[in-house]
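Content type CSV, C-alpha atoms and all ligand atoms, from the file protein.csv:
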chain,number,residue,atom,x,y,z
A,1,MET,CA,-10.7,-2.2,-2.7
A,2,PRO,CA,-12.8,-3.4,0.2
A,3,ILE,CA,-11.3,-3.8,3.6
A,4,TYR,CA,-11.9,-7.0,5.5
A,5,GLU,CA,-11.6,-7.4,9.2
A,6,TYR,CA,-10.0,-10.5,10.6
A,7,ILE,CA,-9.6,-11.9,14.1
A,8,CYS,CA,-6.7,-14.1,15.0
A,9,ASN,CA,-7.7,-17.3,16.8
A,10,THR,CA,-4.2,-17.6,18.2
A,11,CYS,CA,-3.7,-14.2,19.9
A,12,SER,CA,-7.1,-12.7,19.4
A,13,GLU,CA,-5.6,-9.9,17.5
A,14,LYS,CA,-8.0,-7.8,15.4
A,15,PHE,CA,-6.7,-6.4,12.2
A,16,SER,CA,-8.0,-5.3,8.8
A,17,LEU,CA,-6.7,-6.1,5.4
A,18,LEU,CA,-7.2,-4.8,1.9
A,19,GLN,CA,-8.3,-7.7,-0.3
A,20,SER,CA,-9.7,-7.9,-3.7
A,21,ILE,CA,-13.1,-9.3,-4.1
A,22,SER,CA,-11.7,-12.1,-6.1
A,23,ALA,CA,-8.9,-12.7,-3.7
A,24,ALA,CA,-11.3,-12.7,-0.8
A,25,GLY,CA,-11.7,-16.1,0.8
A,26,ASP,CA,-8.2,-17.0,1.5
A,27,GLY,CA,-7.1,-16.9,5.1
A,28,ALA,CA,-5.2,-13.9,6.2
A,29,GLN,CA,-2.0,-13.9,8.2
A,30,CYS,CA,-1.9,-12.3,11.6
A,31,PRO,CA,0.5,-9.4,11.6
A,32,LYS,CA,1.1,-9.9,15.3
A,33,CYS,CA,1.9,-13.6,15.6
A,34,ALA,CA,2.0,-14.5,12.0
A,35,SER,CA,-0.5,-17.1,12.4
A,36,LYS,CA,-2.8,-18.3,9.6
A,37,LYS,CA,-5.6,-19.2,12.0
A,38,THR,CA,-7.7,-16.2,11.4
A,39,ARG,CA,-11.3,-15.7,10.6
A,40,LYS,CA,-13.1,-13.0,8.8
A,41,VAL,CA,-15.3,-10.6,10.7
A,42,VAL,CA,-18.4,-9.3,9.3
A,43,SER,CA,-18.9,-5.7,10.2
A,44,ALA,CA,-22.5,-4.8,10.9
A,45,PHE,CA,-23.8,-1.5,9.7
A,46,CYS,CA,-26.7,-1.1,12.1
A,47,CYS,CA,-27.7,-2.9,15.2
A,48,SER,CA,-30.6,-5.2,14.9
A,49,SER,CA,-33.4,-4.1,17.0
A,50,SER,CA,-36.6,-5.8,18.2
A,51,GLY,CA,-34.8,-8.8,19.6
A,52,SER,CA,-33.6,-10.1,22.9
A,53,GLY,CA,-31.0,-12.6,23.8
A,54,SER,CA,-28.0,-11.2,22.0
A,55,ASP,CA,-24.5,-12.1,23.0
A,56,PHE,CA,-23.3,-8.7,22.3
A,57,GLY,CA,-23.8,-6.2,25.2
A,58,SER,CA,-26.7,-4.0,24.6
A,59,GLY,CA,-26.1,-0.3,24.3
A,60,GLY,CA,-26.1,2.5,21.8
A,61,GLY,CA,-23.4,1.5,19.4
A,62,CYS,CA,-24.8,2.6,16.0
A,63,SER,CA,-22.8,5.4,14.5
A,64,SER,CA,-25.2,8.1,13.3
A,65,SER,CA,-24.3,10.0,10.2
A,66,GLY,CA,-20.7,9.6,10.8
A,67,HIS,CA,-19.7,8.3,7.4
A,68,SER,CA,-16.5,9.7,6.1
A,69,HIS,CA,-15.8,9.2,2.5
A,70,GLY,CA,-12.2,8.6,1.8
A,71,ALA,CA,-10.7,11.7,0.4
A,72,GLY,CA,-9.0,11.4,-2.9
A,73,GLY,CA,-9.6,7.8,-3.7
A,74,GLY,CA,-7.4,6.0,-5.9
B,1,ZN,ZN,-2.2,-13.6,16.0
Do you think you could lay out the structure here as structure tokens?
Ligand SMILES: [Zn+2]
Amino acid sequence: MPIYEYICNTCSEKFSLLQSISAAGDGAQCPKCASKKTRKVVSAFCCSSSGSGSDFGSGGGCSSSGHSHGAGGG
């Protein structure tokens, strides 16, 4: 089951939820303020290079060979 990251628009709380691909789409509820005003966050795997004028602060952020496969699985 994929994990989706959400950000609460009310309290700016960042949380992740386990949602089915089919169930994906519905808004998630904030575990902090129980608000439904959340938005899905797209996690980037690698930083996009060759480009200037990005909102995100520049700086080495790409994780190199740090993937950890979940043990067990289920
Ligand atoms: Zn919230």
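Among the candidate residues A:Gln19, A:Lys14, A:Cys30, A:Glu5, the one lying nearest to ligand ZN 1 (chain B) is A:Cys30, with distances computed using only C-alpha atoms and all ligand atoms.
Taking CA of Cys8 in chain A and CA of Arg39 in chain A as the two end points, the separation is 6.6 Å.
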>> Let me make sure I understand: among A:Cys33, A:Gly27, A:Ser20, A:Tyr4, which one has the smallest atom-to-atom distance to ligand ZN 1 (chain B) if we use all atoms listed in the file?
In response: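 Looking only at the distances to ligand ZN 1 (chain B), the closest residue turns out to be A:Cys33.
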>> Neighbouring residues of ligand ZN 1 (chain B) are defined here as those with any atom at most 7 Å from a ligand atom, counting only C-alpha atoms and all ligand atoms; list them as a list in words.
In response: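 The neighbouring residues of ligand ZN 1 (chain B) are, in order, Cys8, Asn9, Thr10, Cys11, Ser12, Glu13, Cys30, Pro31, Lys32, Cys33, Ala34 and Ser35 of chain A.
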Keeping only C-alpha atoms, take the residues you just selected and write them out as a compact mmCIF listing (two decimals), in the frame of the given file.
# COMPACT_ATOMS: atom_id res chain seq x y z
CA CYS A 8 -6.70 -14.10 15.00
CA ASN A 9 -7.70 -17.30 16.80
CA THR A 10 -4.20 -17.60 18.20
CA CYS A 11 -3.70 -14.20 19.90
CA SER A 12 -7.10 -12.70 19.40
CA GLU A 13 -5.60 -9.90 17.50
CA CYS A 30 -1.90 -12.30 11.60
CA PRO A 31 0.50 -9.40 11.60
CA LYS A 32 1.10 -9.90 15.30
CA CYS A 33 1.90 -13.60 15.60
CA ALA A 34 2.00 -14.50 12.00
CA SER A 35 -0.50 -17.10 12.40
